[in-house]
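J.: Questions regarding the structure given below will be posed in turn.
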Amino acid sequence: MRISKNYTMEEFAVSKDFPNLVEPVPEVYQQNVIDLVTNLLQPVNDATGWKNLITSGYRPNKLNKAVGGSLTSDHRFGRASDNNFYKEENGKIVYISSYDVANTVLKLKLKFDQMILYPDFVHLSYRKNKNRNQVLYSKNYKGKRI
């Protein structure tokens, strides 16, 4: 199911580490994914021209447990994704740094619940009614900080 110019619902039923535990996004959580895309992810693509490889989206309970996710993780409800934004230059894929993604989200004044910078991806979550705009860093993130 196409959500926007750059995203489909199927892209959120993914796990790079545990593909055997992936399940389609349940209908009850599909609006959360649509809200995440519409209000956060697609605006980043539109403003920058970047593409996005989602490595973790919706996580059913077994998958969330396997990756060590919190019981309250927004991934469990389709409100979060782990994102690898990239662009193509001279036929090569160039990944955008977590710092540059975070800086772009902030410059665009997009609402988000949590933005967690990791060395090789950015976790972005969006809640329809209560976004805290928290910028956090994983314990192994060593890059520039906002």
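So you can find residues: chains in the structure tokens are A, B, ... in the order shown, residues in each start at 1, and ligands are numbered from 1 in order.
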Give the alpha helix (DSSP H) residues of stretch 26-138 of chain A, as assigned by DSSP on the backbone, as a PyMOL selection string.
T.: chain A and resi 27-36+42-48+61-66+98-107
J.: Can I get the selection written as a compact mmCIF listing (two decimals), in the first residue's frame, with C-alpha atoms?
T.:
```
# COMPACT_ATOMS: atom_id res chain seq x y z
CA GLU A 27 -4.54 -2.44 10.52
CA VAL A 28 -4.94 -0.97 14.02
CA TYR A 29 -1.42 0.59 13.74
CA GLN A 30 -1.41 1.58 10.06
CA GLN A 31 -2.62 5.13 10.79
CA ASN A 32 0.39 5.57 13.10
CA VAL A 33 2.73 4.65 10.24
CA ILE A 34 0.86 7.02 7.92
CA ASP A 35 1.22 9.83 10.50
CA LEU A 36 4.97 9.12 10.87
CA GLN A 42 8.28 12.45 3.74
CA PRO A 43 8.92 16.12 4.62
CA VAL A 44 12.62 15.27 5.08
CA ASN A 45 12.68 13.57 1.66
CA ASP A 46 10.84 16.47 0.03
CA ALA A 47 13.15 19.12 1.48
CA THR A 48 16.43 17.32 0.72
CA ASN A 61 6.20 -8.38 20.31
CA LYS A 62 8.51 -11.31 19.42
CA LEU A 63 10.67 -9.12 17.18
CA ASN A 64 10.78 -6.31 19.73
CA LYS A 65 11.93 -8.78 22.40
CA ALA A 66 14.55 -10.30 20.07
CA SER A 98 23.02 11.02 11.80
CA TYR A 99 24.01 14.57 12.74
CA ASP A 100 23.01 15.96 9.33
CA VAL A 101 19.66 14.15 9.45
CA ALA A 102 18.97 15.47 12.95
CA ASN A 103 20.04 18.98 12.01
CA THR A 104 17.73 18.85 8.98
CA VAL A 105 14.75 17.71 11.06
CA LEU A 106 15.35 20.57 13.49
CA LYS A 107 15.87 23.20 10.75
```
J.: Need the shell around stretch 77-82 of chain A: protein/DNA/RNA residues with any atom at most 6 Å away, counting only C-alpha atoms. Skip same-chain ones fewer than 3 positions apart. Format as a PyMOL selection string?
T.: chain A and resi 29+32-33+54-58+74+122-126
J.: Just how far from atom CA of A:Phe85 is atom CA of A:Arg145, in Å to one decimal?
T.: 17.9 Å
J.: Tell me which of A:Arg59, A:Thr72, A:Met115, A:Trp50 sits closest to A:Lys87, counting only C-alpha atoms.
T.: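 Smallest separation from A:Lys87 among the options: A:Trp50.
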J.: Among chain A, which residues does DSSP mark as strand (DSSP E) when it is run on the backbone? Keep the chain and numbering as in the structure and answer as a PyMOL selection string.
T.: chain A and resi 51-56+80-89+92-95+114-117+122-125+134-137
J.: Create the file for the chosen residues now, containing N, CA, C and O atoms and written as a CSV table (one decimal), in the first residue's frame.
T.:
```csv
chain,number,residue,atom,x,y,z
A,51,LYS,N,16.8,9.8,-0.2
A,51,LYS,CA,16.0,8.6,-0.1
A,51,LYS,C,16.2,8.0,1.3
A,51,LYS,O,17.1,8.5,2.0
A,52,ASN,N,15.5,7.0,1.7
A,52,ASN,CA,15.6,6.4,3.0
A,52,ASN,C,15.4,4.9,2.9
A,52,ASN,O,14.5,4.4,2.4
A,53,LEU,N,16.4,4.2,3.6
A,53,LEU,CA,16.3,2.8,3.7
A,53,LEU,C,16.0,2.5,5.2
A,53,LEU,O,16.7,2.8,6.1
A,54,ILE,N,14.8,2.0,5.4
A,54,ILE,CA,14.3,1.7,6.8
A,54,ILE,C,14.8,0.3,7.1
A,54,ILE,O,14.6,-0.6,6.4
A,55,THR,N,15.5,0.3,8.3
A,55,THR,CA,16.1,-1.0,8.7
A,55,THR,C,15.3,-1.7,9.8
A,55,THR,O,15.4,-2.9,10.1
A,56,SER,N,14.4,-0.9,10.5
A,56,SER,CA,13.5,-1.4,11.5
A,56,SER,C,12.3,-0.5,11.5
A,56,SER,O,12.5,0.7,11.7
A,80,ALA,N,7.4,4.5,15.0
A,80,ALA,CA,8.9,4.7,14.9
A,80,ALA,C,9.5,3.9,13.8
A,80,ALA,O,9.0,2.8,13.4
A,81,SER,N,10.6,4.4,13.3
A,81,SER,CA,11.4,3.7,12.3
A,81,SER,C,12.9,4.1,12.5
A,81,SER,O,13.2,5.2,13.0
A,82,ASP,N,13.8,3.1,12.2
A,82,ASP,CA,15.2,3.4,12.1
A,82,ASP,C,15.5,3.6,10.7
A,82,ASP,O,15.2,2.8,9.8
A,83,ASN,N,16.2,4.8,10.4
A,83,ASN,CA,16.3,5.3,9.1
A,83,ASN,C,17.8,5.5,8.7
A,83,ASN,O,18.6,6.1,9.4
A,84,ASN,N,18.0,5.1,7.4
A,84,ASN,CA,19.3,5.4,6.8
A,84,ASN,C,19.0,6.3,5.6
A,84,ASN,O,18.8,5.8,4.5
A,85,PHE,N,19.1,7.6,5.8
A,85,PHE,CA,18.9,8.5,4.6
A,85,PHE,C,20.1,8.5,3.8
A,85,PHE,O,21.2,8.4,4.3
A,86,TYR,N,19.9,8.6,2.5
A,86,TYR,CA,21.1,8.6,1.6
A,86,TYR,C,20.7,9.4,0.3
A,86,TYR,O,19.6,9.7,0.0
A,87,LYS,N,21.8,9.7,-0.5
A,87,LYS,CA,21.6,10.3,-1.8
A,87,LYS,C,22.5,9.5,-2.7
A,87,LYS,O,23.4,8.8,-2.3
A,88,GLU,N,22.3,9.7,-4.0
A,88,GLU,CA,23.1,9.1,-5.0
A,88,GLU,C,24.0,10.2,-5.7
A,88,GLU,O,23.5,11.2,-6.1
A,89,GLU,N,25.3,9.9,-5.7
A,89,GLU,CA,26.2,10.9,-6.3
A,89,GLU,C,27.1,10.1,-7.2
A,89,GLU,O,27.8,9.2,-6.8
A,92,LYS,N,26.9,6.4,-7.1
A,92,LYS,CA,27.3,5.8,-5.8
A,92,LYS,C,26.3,6.3,-4.7
A,92,LYS,O,25.8,7.4,-4.7
A,93,ILE,N,26.0,5.4,-3.8
A,93,ILE,CA,25.2,5.7,-2.6
A,93,ILE,C,26.0,6.3,-1.6
A,93,ILE,O,27.0,5.8,-1.1
A,94,VAL,N,25.6,7.5,-1.1
A,94,VAL,CA,26.3,8.2,0.0
A,94,VAL,C,25.3,8.4,1.1
A,94,VAL,O,24.3,9.1,1.0
A,95,TYR,N,25.6,7.8,2.2
A,95,TYR,CA,24.7,7.9,3.4
A,95,TYR,C,24.9,9.2,4.1
A,95,TYR,O,26.0,9.7,4.2
A,114,GLN,N,10.8,11.3,19.6
A,114,GLN,CA,12.2,11.1,19.9
A,114,GLN,C,13.0,10.9,18.6
A,114,GLN,O,12.5,10.4,17.6
A,115,MET,N,14.2,11.5,18.6
A,115,MET,CA,15.1,11.4,17.6
A,115,MET,C,16.4,10.9,18.3
A,115,MET,O,17.0,11.6,19.1
A,116,ILE,N,16.8,9.7,18.0
A,116,ILE,CA,17.9,9.1,18.7
A,116,ILE,C,19.0,8.9,17.6
A,116,ILE,O,18.8,8.2,16.6
A,117,LEU,N,20.2,9.5,17.8
A,117,LEU,CA,21.3,9.4,16.9
A,117,LEU,C,22.1,8.2,17.2
A,117,LEU,O,22.5,8.0,18.4
A,122,VAL,N,19.3,6.8,12.2
A,122,VAL,CA,18.6,7.7,13.1
A,122,VAL,C,17.2,7.1,13.4
A,122,VAL,O,16.5,6.8,12.4
A,123,HIS,N,16.9,6.9,14.7
A,123,HIS,CA,15.6,6.5,15.1
A,123,HIS,C,14.7,7.8,15.1
A,123,HIS,O,15.1,8.8,15.7
A,124,LEU,N,13.6,7.7,14.4
A,124,LEU,CA,12.6,8.8,14.5
A,124,LEU,C,11.3,8.3,14.9
A,124,LEU,O,10.8,7.2,14.3
A,125,SER,N,10.6,8.9,15.8
A,125,SER,CA,9.3,8.5,16.2
A,125,SER,C,8.4,9.8,16.2
A,125,SER,O,8.8,10.9,16.4
A,134,GLN,N,12.4,15.1,21.8
A,134,GLN,CA,13.6,14.7,22.5
A,134,GLN,C,14.7,14.3,21.5
A,134,GLN,O,14.4,13.4,20.7
A,135,VAL,N,15.8,14.9,21.7
A,135,VAL,CA,17.0,14.5,20.9
A,135,VAL,C,17.9,13.7,21.9
A,135,VAL,O,18.3,14.2,22.9
A,136,LEU,N,18.1,12.5,21.5
A,136,LEU,CA,18.9,11.6,22.4
A,136,LEU,C,20.1,10.9,21.6
A,136,LEU,O,20.1,11.0,20.3
A,137,TYR,N,21.0,10.3,22.3
A,137,TYR,CA,22.2,9.7,21.6
A,137,TYR,C,22.4,8.3,22.2
A,137,TYR,O,22.3,8.1,23.4
```
